[in-house]
Amino acid sequence: METDIVIVGGGAIGSAVAAFTLAEPAFRGRVTVIERDPTYARASSALSASSIRQQFSTAINIAIGRFGIEYLRRAGNDLGFTERGYLFLASEAGVPALTCSHALQRSLGVDVALLDPPALRERFPWLATEGVALGSLGLAGEGWFDGHGLMQAFRRKARALGAAYVHAEAVGFDLRGDRVAAVRLADGRSLRADHVVNAAGPWAASVAAWAGVDLPVRARRRTVFVVECPTALARCPLVVDPSGLWFRPEGTRFITGLSPCEANDPDDAPLDPEHASFEPVLWPILAQRVPAFEALRVVGAWAGYYEVNTFDHNGIVGPHPRIANLVFANGFSGHGLQQSPAVGRGVAELLVHGRYTTLDLTPLAFDRIGRNQPVAELNVV
Ligand SMILES: Cc1cc2nc3c(=O)[nH]c(=O)nc-3n(C[C@H](O)[C@H](O)[C@H](O)COP(=O)(O)OP(=O)(O)OC[C@H]3O[C@@H](n4cnc5c(N)ncnc54)[C@H](O)[C@@H]3O)c2cc1C
């Protein structure tokens with residue numbers, strides 16, 4: 001019997017699920033992706049910092065990151081993968097967490113090194129180590145890539161394998177008992193479904209609500225500033241300051257950002273860059289960490305939504321415990337683009353085989369919320 005799979009949201013996650021499902025030799029059926037904005041003007045996948053790492057604090061995120069790296073390496077130059085590493089800097093207070101994550105990463109084969117302040121200054125002479133007790137540098141398997149290109153590559157592949165992209169807004173579900181029977185569209189059409197995948201990114205909670213499900217995912221604005229610096233920073237990786245501020249090269253320029261504190265992080269803020277924060281908040285941190293940044297110039301900025309999982313800042317992947325044909329792929333909290341290959345493959349396995357056949361994503365299952373068992377990720381940037 002043919003299966004009808006309807007995916008709400010055609011960003012990197014929805015398109016990866018579509019592409020991997022149709023690539024499964026055992027799959028017999030149709031895949032329909034509902035996407036209300038084919039220009040992706042507000043989609044996170046088009047507004048991301050497009051970086052990938054293995055320096056996570058949980059085994060599941062490390063394994064997901066490793067598959068993402070393999071996937072990007074296989075894509076060769078097509079996705080502009082620049083393998084330059086992340087450098088996490090810790091203050092004295094942050095050393096126990098950094099060394100604990102380091103031990104886990106090493107045990108899982110991640111190529112990562114701990115550097116004390118003199119070693120940091122020797123490797124990166126442009127870096128000031130005031131307030132830094134230790135750094136953790138990814139020596140391979142981390143960097144940045146063309147994120148919009150990755151999303152488009154999944155979309156092209158899905159379409160080439162037969163996925164139908166429907167340009168429409170999904171507005172509700174028809175429920176039959178504990179199943180979603182169809183997805184209703186704003187234009188009055190209704191799409192019958194055997195399985196529905198929620199891939200609506202920052203808008204995932206409203207899709208879940210159509211089935212009466214309370215999904216702890218919220219749209220939280222993040223601003224990325226583009227800056228020019230007259231001095232080149234040799235071999236600059238993606239640097240994460242102890243304050244949480246990050247920066248990395250982007251061509252001859254740099255991009256940088258800092259997540260606001262929880263008290264100053266409302267849901268659904270308008271997608272206008274928060275220009276007012278640069279001078280008083282970001283610039284002093286940048287200039288303290290890299291004295292050459294005293295002379296930087298802001299040349300642009302954009303804002304996008306992190307789809308923040310307020311429960312534990314990790315992806316929520318798999319079926320709902322009660323509504324078994326409603327599958328979630330949400331809440332990636334700032335690391336969803338790099339996770340899209342592994343999540344796309346994993347959800348495809350669930351849809352086609354009813355279980356994970358390669359990487360087991362069960363630690364990210366929905367029911368951990370009901371059991372109140374968070375998979376706490378400490379390294380959220
Ligand atoms: C500033 C910023 C920096 C980031 N940096 C990184 C990074 O360095 N590395 C990383 O891995 N991740 C990063 N992320 C996170 C990453 O971009 C997201 O986790 C990822 O793109 C989520 O993909 P998605 O497909 O779930 O969501 P989206 O790309 O937002 O796609 C969801 C789609 O669903 C559609 N949709 C929603 N509701 C409906 C509906 N009712 N009907 C029809 N269509 C609907 C939307 O139009 C949208 O196109 C960053 C995000 C931001 C904002």
# chains A, B, ... in the order shown; residues from 1 in each chain; ligands from 1
call {"tool": "select_by_dssp", "arguments": {"residues": "region 114-318 of chain A", "states": "strand (DSSP E or B)", "output": "VMD selection string"}}
result
chain A and resid 114 to 115 134 to 138 143 to 144 164 to 167 170 to 176 179 to 185 190 to 192 195 to 198 217 to 228 238 to 240 246 to 250 253 to 257 267 297 to 309 316 to 318
call {"tool": "residues_around", "arguments": {"residues": "Arg159 (chain A)", "least_positions_apart": "5", "cutoff": "8 Å", "atoms": "only C-alpha atoms", "output": "list in words"}}
result
Ala19, Ala164 and Tyr165 of chain A
call {"tool": "write_last_selection", "arguments": {"atoms": "C-alpha atoms", "output": "PDB file, in the first residue's frame"}}
result
ATOM      1  CA  ALA A  19      14.887  13.822   0.363  1.00  0.00           C
ATOM      2  CA  ALA A 164       5.579  17.676  -4.462  1.00  0.00           C
ATOM      3  CA  TYR A 165       6.150  21.121  -2.978  1.00  0.00           C
TER       4      TYR A 165
END
call {"tool": "select_by_dssp", "arguments": {"residues": "region 142-264 of chain A", "states": "alpha helix (DSSP H)", "output": "JSON, numbers by chain"}}
result
{"A": [147, 148, 149, 150, 151, 152, 153, 154, 155, 156, 157, 158, 159, 160, 204, 205, 206, 207, 208, 209]}
call {"tool": "residues_around", "arguments": {"residues": "Ala16 (chain A)", "least_positions_apart": "2", "cutoff": "9 Å", "atoms": "only C-alpha atoms", "output": "list of chain:residue names"}}
result
A:Gly10, A:Gly11, A:Ala12, A:Ile13, A:Gly14, A:Ala18, A:Ala19, A:Phe20, A:Thr21, A:Met151, A:Ala153, A:Phe154, A:Arg155, A:Lys157, A:Ala158, A:Ser340, A:Pro341, A:Ala342, A:Val343, A:Gly344, A:Arg345, A:Ala348
call {"tool": "write_last_selection", "arguments": {"atoms": "N, CA and C atoms", "output": "compact mmCIF listing (two decimals), in the first residue's frame"}}
result
# COMPACT_ATOMS: atom_id res chain seq x y z
N GLY A 10 9.08 23.53 4.53
CA GLY A 10 10.06 23.04 3.55
C GLY A 10 11.41 23.69 3.69
N GLY A 11 11.83 24.00 4.94
CA GLY A 11 13.19 24.49 5.19
C GLY A 11 14.17 23.33 5.14
N ALA A 12 15.33 23.51 5.78
CA ALA A 12 16.36 22.46 5.73
C ALA A 12 15.86 21.16 6.33
N ILE A 13 15.12 21.25 7.44
CA ILE A 13 14.68 20.02 8.10
C ILE A 13 13.61 19.32 7.27
N GLY A 14 12.56 20.05 6.87
CA GLY A 14 11.49 19.43 6.09
C GLY A 14 12.01 18.88 4.77
N ALA A 18 12.19 14.97 3.46
CA ALA A 18 11.61 14.56 2.16
C ALA A 18 12.65 13.84 1.31
N ALA A 19 13.86 14.41 1.23
CA ALA A 19 14.89 13.82 0.36
C ALA A 19 15.31 12.44 0.86
N PHE A 20 15.55 12.31 2.17
CA PHE A 20 16.00 11.01 2.69
C PHE A 20 14.88 9.96 2.59
N THR A 21 13.63 10.38 2.79
CA THR A 21 12.52 9.41 2.71
C THR A 21 12.42 8.85 1.30
N MET A 151 20.15 23.82 2.32
CA MET A 151 18.68 23.71 2.26
C MET A 151 18.22 23.53 0.81
N ALA A 153 19.90 22.36 -1.65
CA ALA A 153 20.35 21.05 -2.17
C ALA A 153 19.36 19.96 -1.74
N PHE A 154 18.92 20.01 -0.48
CA PHE A 154 17.92 19.03 -0.03
C PHE A 154 16.62 19.19 -0.82
N ARG A 155 16.23 20.45 -1.02
CA ARG A 155 14.97 20.72 -1.74
C ARG A 155 15.06 20.19 -3.19
N LYS A 157 17.01 17.86 -4.32
CA LYS A 157 17.08 16.40 -4.33
C LYS A 157 15.68 15.82 -4.10
N ALA A 158 14.96 16.39 -3.14
CA ALA A 158 13.61 15.90 -2.85
C ALA A 158 12.72 16.00 -4.08
N SER A 340 20.51 18.91 10.27
CA SER A 340 19.49 18.52 9.28
C SER A 340 19.83 17.22 8.53
N PRO A 341 21.11 16.94 8.18
CA PRO A 341 21.35 15.65 7.52
C PRO A 341 20.98 14.46 8.41
N ALA A 342 21.43 14.46 9.66
CA ALA A 342 21.17 13.31 10.53
C ALA A 342 19.69 13.21 10.91
N VAL A 343 19.06 14.37 11.12
CA VAL A 343 17.64 14.34 11.49
C VAL A 343 16.80 13.92 10.28
N GLY A 344 17.15 14.43 9.11
CA GLY A 344 16.42 14.03 7.90
C GLY A 344 16.50 12.53 7.68
N ARG A 345 17.71 11.99 7.84
CA ARG A 345 17.89 10.54 7.66
C ARG A 345 17.14 9.76 8.73
N ALA A 348 13.36 9.83 8.24
CA ALA A 348 13.04 8.98 7.08
C ALA A 348 13.02 7.50 7.50
call {"tool": "residues_around", "arguments": {"residues": "region 215-217 of chain A", "least_positions_apart": "4", "cutoff": "9 Å", "atoms": "only C-alpha atoms", "output": "PyMOL selection string"}}
result
chain A and resi 201-206+208-209+307-311+330-333+369
call {"tool": "closest_residue", "arguments": {"among": "A:His313, A:Arg355, A:Arg221, A:His195", "to": "ligand 1", "atoms": "only C-alpha atoms and all ligand atoms"}}
result
A:Arg221
call {"tool": "closest_atom_pairs", "arguments": {"of": "region 107-164 of chain A", "to": "region 74-83 of chain A", "cutoff": "9 Å", "atoms": "only C-alpha atoms", "output": "tab-separated table"}}
result
residue	atom	partner	partner_atom	distance
A:Leu139	CA	A:Glu83	CA	8.9
A:Ala140	CA	A:Glu83	CA	6.7
A:Gly141	CA	A:Glu83	CA	6.4
A:Glu142	CA	A:Glu83	CA	5.5
A:Gly143	CA	A:Glu83	CA	4.4
A:Trp144	CA	A:Thr82	CA	5.3
A:Phe145	CA	A:Phe81	CA	4.3
A:Asp146	CA	A:Leu79	CA	5.1
A:Gly147	CA	A:Leu79	CA	7.7
A:Gly149	CA	A:Leu79	CA	6.2
A:Leu150	CA	A:Leu79	CA	6.6
A:Ala153	CA	A:Leu79	CA	8.9
call {"tool": "atom_distance", "arguments": {"atom1": "CA of Gly85 (chain A)", "atom2": "CA of Ile60 (chain A)"}}
result
19.6 Å
call {"tool": "residues_around", "arguments": {"residues": "Trp126 (chain A)", "least_positions_apart": "4", "cutoff": "12 Å", "atoms": "only C-alpha atoms", "output": "ChimeraX atom specification"}}
result
/A:120-122,231-236,286-293
call {"tool": "write_last_selection", "arguments": {"atoms": "all heavy atoms", "output": "compact mmCIF listing (two decimals), in the first residue's frame"}}
result
# COMPACT_ATOMS: atom_id res chain seq x y z
N LEU A 120 47.28 29.35 23.67
CA LEU A 120 46.31 30.08 22.84
C LEU A 120 46.96 31.29 22.17
O LEU A 120 46.78 31.54 20.98
CB LEU A 120 45.13 30.57 23.72
CG LEU A 120 44.14 29.50 24.15
CD1 LEU A 120 43.23 30.05 25.26
CD2 LEU A 120 43.29 29.05 22.95
N ARG A 121 47.78 32.02 22.96
CA ARG A 121 48.41 33.23 22.41
C ARG A 121 49.44 32.87 21.34
O ARG A 121 49.62 33.58 20.36
CB ARG A 121 49.06 34.05 23.53
CG ARG A 121 48.03 34.78 24.41
CD ARG A 121 48.72 35.81 25.30
NE ARG A 121 49.69 35.20 26.20
CZ ARG A 121 49.41 34.74 27.43
NH1 ARG A 121 48.17 34.82 27.89
NH2 ARG A 121 50.35 34.21 28.19
N GLU A 122 50.09 31.73 21.54
CA GLU A 122 51.08 31.32 20.54
C GLU A 122 50.41 30.97 19.21
O GLU A 122 50.86 31.34 18.14
CB GLU A 122 51.85 30.11 21.07
CG GLU A 122 53.08 29.82 20.24
CD GLU A 122 53.79 28.56 20.71
OE1 GLU A 122 53.81 28.31 21.93
OE2 GLU A 122 54.28 27.84 19.84
N THR A 231 42.61 44.70 10.17
CA THR A 231 43.70 43.74 10.37
C THR A 231 43.18 42.32 10.13
O THR A 231 42.12 41.96 10.64
CB THR A 231 44.21 43.81 11.83
OG1 THR A 231 44.34 45.17 12.19
CG2 THR A 231 45.51 43.07 12.02
N ALA A 232 43.93 41.54 9.38
CA ALA A 232 43.55 40.13 9.17
C ALA A 232 43.88 39.33 10.43
O ALA A 232 44.87 39.62 11.12
CB ALA A 232 44.29 39.57 7.97
N LEU A 233 43.06 38.33 10.78
CA LEU A 233 43.33 37.47 11.93
C LEU A 233 43.69 36.09 11.40
O LEU A 233 42.80 35.34 10.96
CB LEU A 233 42.10 37.38 12.85
CG LEU A 233 41.43 38.69 13.28
CD1 LEU A 233 40.30 38.39 14.27
CD2 LEU A 233 42.44 39.65 13.89
N ALA A 234 44.98 35.77 11.45
CA ALA A 234 45.45 34.54 10.81
C ALA A 234 44.79 33.30 11.44
O ALA A 234 44.70 33.20 12.67
CB ALA A 234 46.96 34.45 10.94
N ARG A 235 44.35 32.38 10.60
CA ARG A 235 43.79 31.07 10.99
C ARG A 235 42.63 31.19 11.99
O ARG A 235 42.46 30.36 12.88
CB ARG A 235 44.88 30.17 11.59
CG ARG A 235 45.98 29.83 10.60
CD ARG A 235 46.84 28.71 11.13
NE ARG A 235 47.55 29.09 12.35
CZ ARG A 235 48.12 28.25 13.19
NH1 ARG A 235 48.04 26.95 12.95
NH2 ARG A 235 48.74 28.66 14.26
N CYS A 236 41.85 32.27 11.85
CA CYS A 236 40.79 32.51 12.85
C CYS A 236 39.71 31.43 12.76
O CYS A 236 39.11 31.23 11.71
CB CYS A 236 40.18 33.89 12.61
SG CYS A 236 38.91 34.33 13.81
N LEU A 286 34.05 42.30 22.00
CA LEU A 286 34.89 41.98 20.84
C LEU A 286 36.27 42.62 20.98
O LEU A 286 37.30 41.97 20.74
CB LEU A 286 34.22 42.49 19.56
CG LEU A 286 33.05 41.66 19.03
CD1 LEU A 286 32.22 42.47 18.03
CD2 LEU A 286 33.54 40.37 18.39
N ALA A 287 36.28 43.89 21.38
CA ALA A 287 37.55 44.63 21.46
C ALA A 287 38.42 44.13 22.61
O ALA A 287 39.65 44.17 22.53
CB ALA A 287 37.28 46.12 21.59
N GLN A 288 37.77 43.63 23.66
CA GLN A 288 38.56 43.07 24.76
C GLN A 288 39.23 41.76 24.32
O GLN A 288 40.37 41.49 24.65
CB GLN A 288 37.67 42.83 25.99
CG GLN A 288 38.50 42.44 27.20
CD GLN A 288 37.72 41.71 28.26
OE1 GLN A 288 36.77 40.98 27.99
NE2 GLN A 288 38.14 41.90 29.50
N ARG A 289 38.48 40.98 23.55
CA ARG A 289 39.02 39.67 23.17
C ARG A 289 40.04 39.77 22.02
O ARG A 289 41.02 39.04 21.96
CB ARG A 289 37.83 38.74 22.77
CG ARG A 289 38.16 37.31 22.60
CD ARG A 289 38.82 36.69 23.83
NE ARG A 289 38.03 36.79 25.04
CZ ARG A 289 38.55 37.08 26.24
NH1 ARG A 289 39.85 37.29 26.38
NH2 ARG A 289 37.78 37.16 27.31
N VAL A 290 39.78 40.71 21.10
CA VAL A 290 40.68 40.89 19.96
C VAL A 290 40.94 42.39 19.84
O VAL A 290 40.12 43.14 19.30
CB VAL A 290 40.04 40.36 18.65
CG1 VAL A 290 40.98 40.58 17.46
CG2 VAL A 290 39.65 38.90 18.77
N PRO A 291 42.08 42.89 20.36
CA PRO A 291 42.32 44.34 20.32
C PRO A 291 42.16 44.94 18.93
O PRO A 291 41.71 46.09 18.80
CB PRO A 291 43.75 44.45 20.86
CG PRO A 291 43.88 43.26 21.78
CD PRO A 291 43.09 42.15 21.14
N ALA A 292 42.45 44.19 17.87
CA ALA A 292 42.30 44.73 16.50
C ALA A 292 40.83 45.09 16.20
O ALA A 292 40.56 45.93 15.32
CB ALA A 292 42.79 43.71 15.47
N PHE A 293 39.90 44.51 16.93
CA PHE A 293 38.48 44.82 16.70
C PHE A 293 38.10 46.23 17.21
O PHE A 293 36.99 46.68 16.97
CB PHE A 293 37.57 43.77 17.35
CG PHE A 293 37.40 42.50 16.54
CD1 PHE A 293 37.09 41.29 17.18
CD2 PHE A 293 37.52 42.50 15.17
CE1 PHE A 293 36.92 40.12 16.45
CE2 PHE A 293 37.36 41.33 14.42
CZ PHE A 293 37.06 40.13 15.07
call {"tool": "decode", "arguments": {"residues": "region 263-284 of chain A", "atoms": "N, CA, C and O atoms", "output": "tab-separated table (two decimals), in the first residue's frame"}}
result
chain	number	residue	atom	x	y	z
A	263	ALA	N	15.75	36.92	30.40
A	263	ALA	CA	14.80	37.97	30.78
A	263	ALA	C	14.57	38.98	29.66
A	263	ALA	O	13.59	39.72	29.67
A	264	ASN	N	15.50	39.02	28.70
A	264	ASN	CA	15.41	40.00	27.62
A	264	ASN	C	15.27	39.29	26.28
A	264	ASN	O	15.85	39.70	25.28
A	265	ASP	N	14.50	38.19	26.28
A	265	ASP	CA	14.44	37.34	25.09
A	265	ASP	C	12.98	36.96	24.79
A	265	ASP	O	12.57	35.80	24.93
A	266	PRO	N	12.16	37.95	24.39
A	266	PRO	CA	10.73	37.68	24.21
A	266	PRO	C	10.47	36.75	23.02
A	266	PRO	O	11.30	36.62	22.12
A	267	ASP	N	9.30	36.12	23.02
A	267	ASP	CA	8.88	35.29	21.89
A	267	ASP	C	8.46	36.19	20.74
A	267	ASP	O	7.89	37.27	20.96
A	268	ASP	N	8.70	35.74	19.51
A	268	ASP	CA	8.15	36.36	18.30
A	268	ASP	C	8.47	37.84	18.14
A	268	ASP	O	7.65	38.60	17.60
A	269	ALA	N	9.64	38.29	18.60
A	269	ALA	CA	10.01	39.69	18.37
A	269	ALA	C	10.09	39.93	16.86
A	269	ALA	O	10.39	39.00	16.11
A	270	PRO	N	9.83	41.15	16.39
A	270	PRO	CA	9.92	41.40	14.95
A	270	PRO	C	11.33	41.09	14.44
A	270	PRO	O	12.30	41.28	15.17
A	271	LEU	N	11.40	40.66	13.18
A	271	LEU	CA	12.72	40.24	12.66
A	271	LEU	C	13.54	41.43	12.18
A	271	LEU	O	14.07	41.42	11.06
A	272	ASP	N	13.65	42.46	12.99
A	272	ASP	CA	14.53	43.59	12.69
A	272	ASP	C	15.80	43.39	13.51
A	272	ASP	O	15.72	43.08	14.70
A	273	PRO	N	16.96	43.61	12.89
A	273	PRO	CA	18.19	43.45	13.67
A	273	PRO	C	18.19	44.39	14.88
A	273	PRO	O	17.70	45.51	14.79
A	274	GLU	N	18.77	43.90	15.97
A	274	GLU	CA	18.78	44.71	17.20
A	274	GLU	C	20.04	45.59	17.20
A	274	GLU	O	20.97	45.38	18.00
A	275	HIS	N	20.04	46.61	16.30
A	275	HIS	CA	21.23	47.45	16.10
A	275	HIS	C	21.71	48.09	17.41
A	275	HIS	O	22.90	48.24	17.62
A	276	ALA	N	20.74	48.45	18.26
A	276	ALA	CA	21.10	49.21	19.47
A	276	ALA	C	22.03	48.44	20.40
A	276	ALA	O	22.70	49.03	21.24
A	277	SER	N	22.09	47.11	20.26
A	277	SER	CA	22.92	46.34	21.21
A	277	SER	C	24.39	46.32	20.79
A	277	SER	O	25.25	45.99	21.61
A	278	PHE	N	24.70	46.67	19.54
A	278	PHE	CA	26.09	46.44	19.09
A	278	PHE	C	27.09	47.27	19.87
A	278	PHE	O	28.02	46.74	20.48
A	279	GLU	N	26.89	48.58	19.86
A	279	GLU	CA	27.92	49.46	20.43
A	279	GLU	C	28.10	49.26	21.94
A	279	GLU	O	29.22	49.07	22.41
A	280	PRO	N	26.98	49.27	22.72
A	280	PRO	CA	27.21	49.15	24.17
A	280	PRO	C	27.52	47.72	24.64
A	280	PRO	O	28.15	47.55	25.68
A	281	VAL	N	27.06	46.71	23.92
A	281	VAL	CA	27.18	45.34	24.45
A	281	VAL	C	28.23	44.51	23.70
A	281	VAL	O	29.17	43.98	24.29
A	282	LEU	N	28.06	44.39	22.38
A	282	LEU	CA	28.95	43.46	21.65
A	282	LEU	C	30.35	44.03	21.43
A	282	LEU	O	31.35	43.32	21.60
A	283	TRP	N	30.41	45.29	21.03
A	283	TRP	CA	31.71	45.84	20.66
A	283	TRP	C	32.73	45.77	21.79
A	283	TRP	O	33.89	45.34	21.58
A	284	PRO	N	32.37	46.18	23.03
A	284	PRO	CA	33.37	46.09	24.11
A	284	PRO	C	33.89	44.66	24.31
A	284	PRO	O	35.09	44.46	24.56
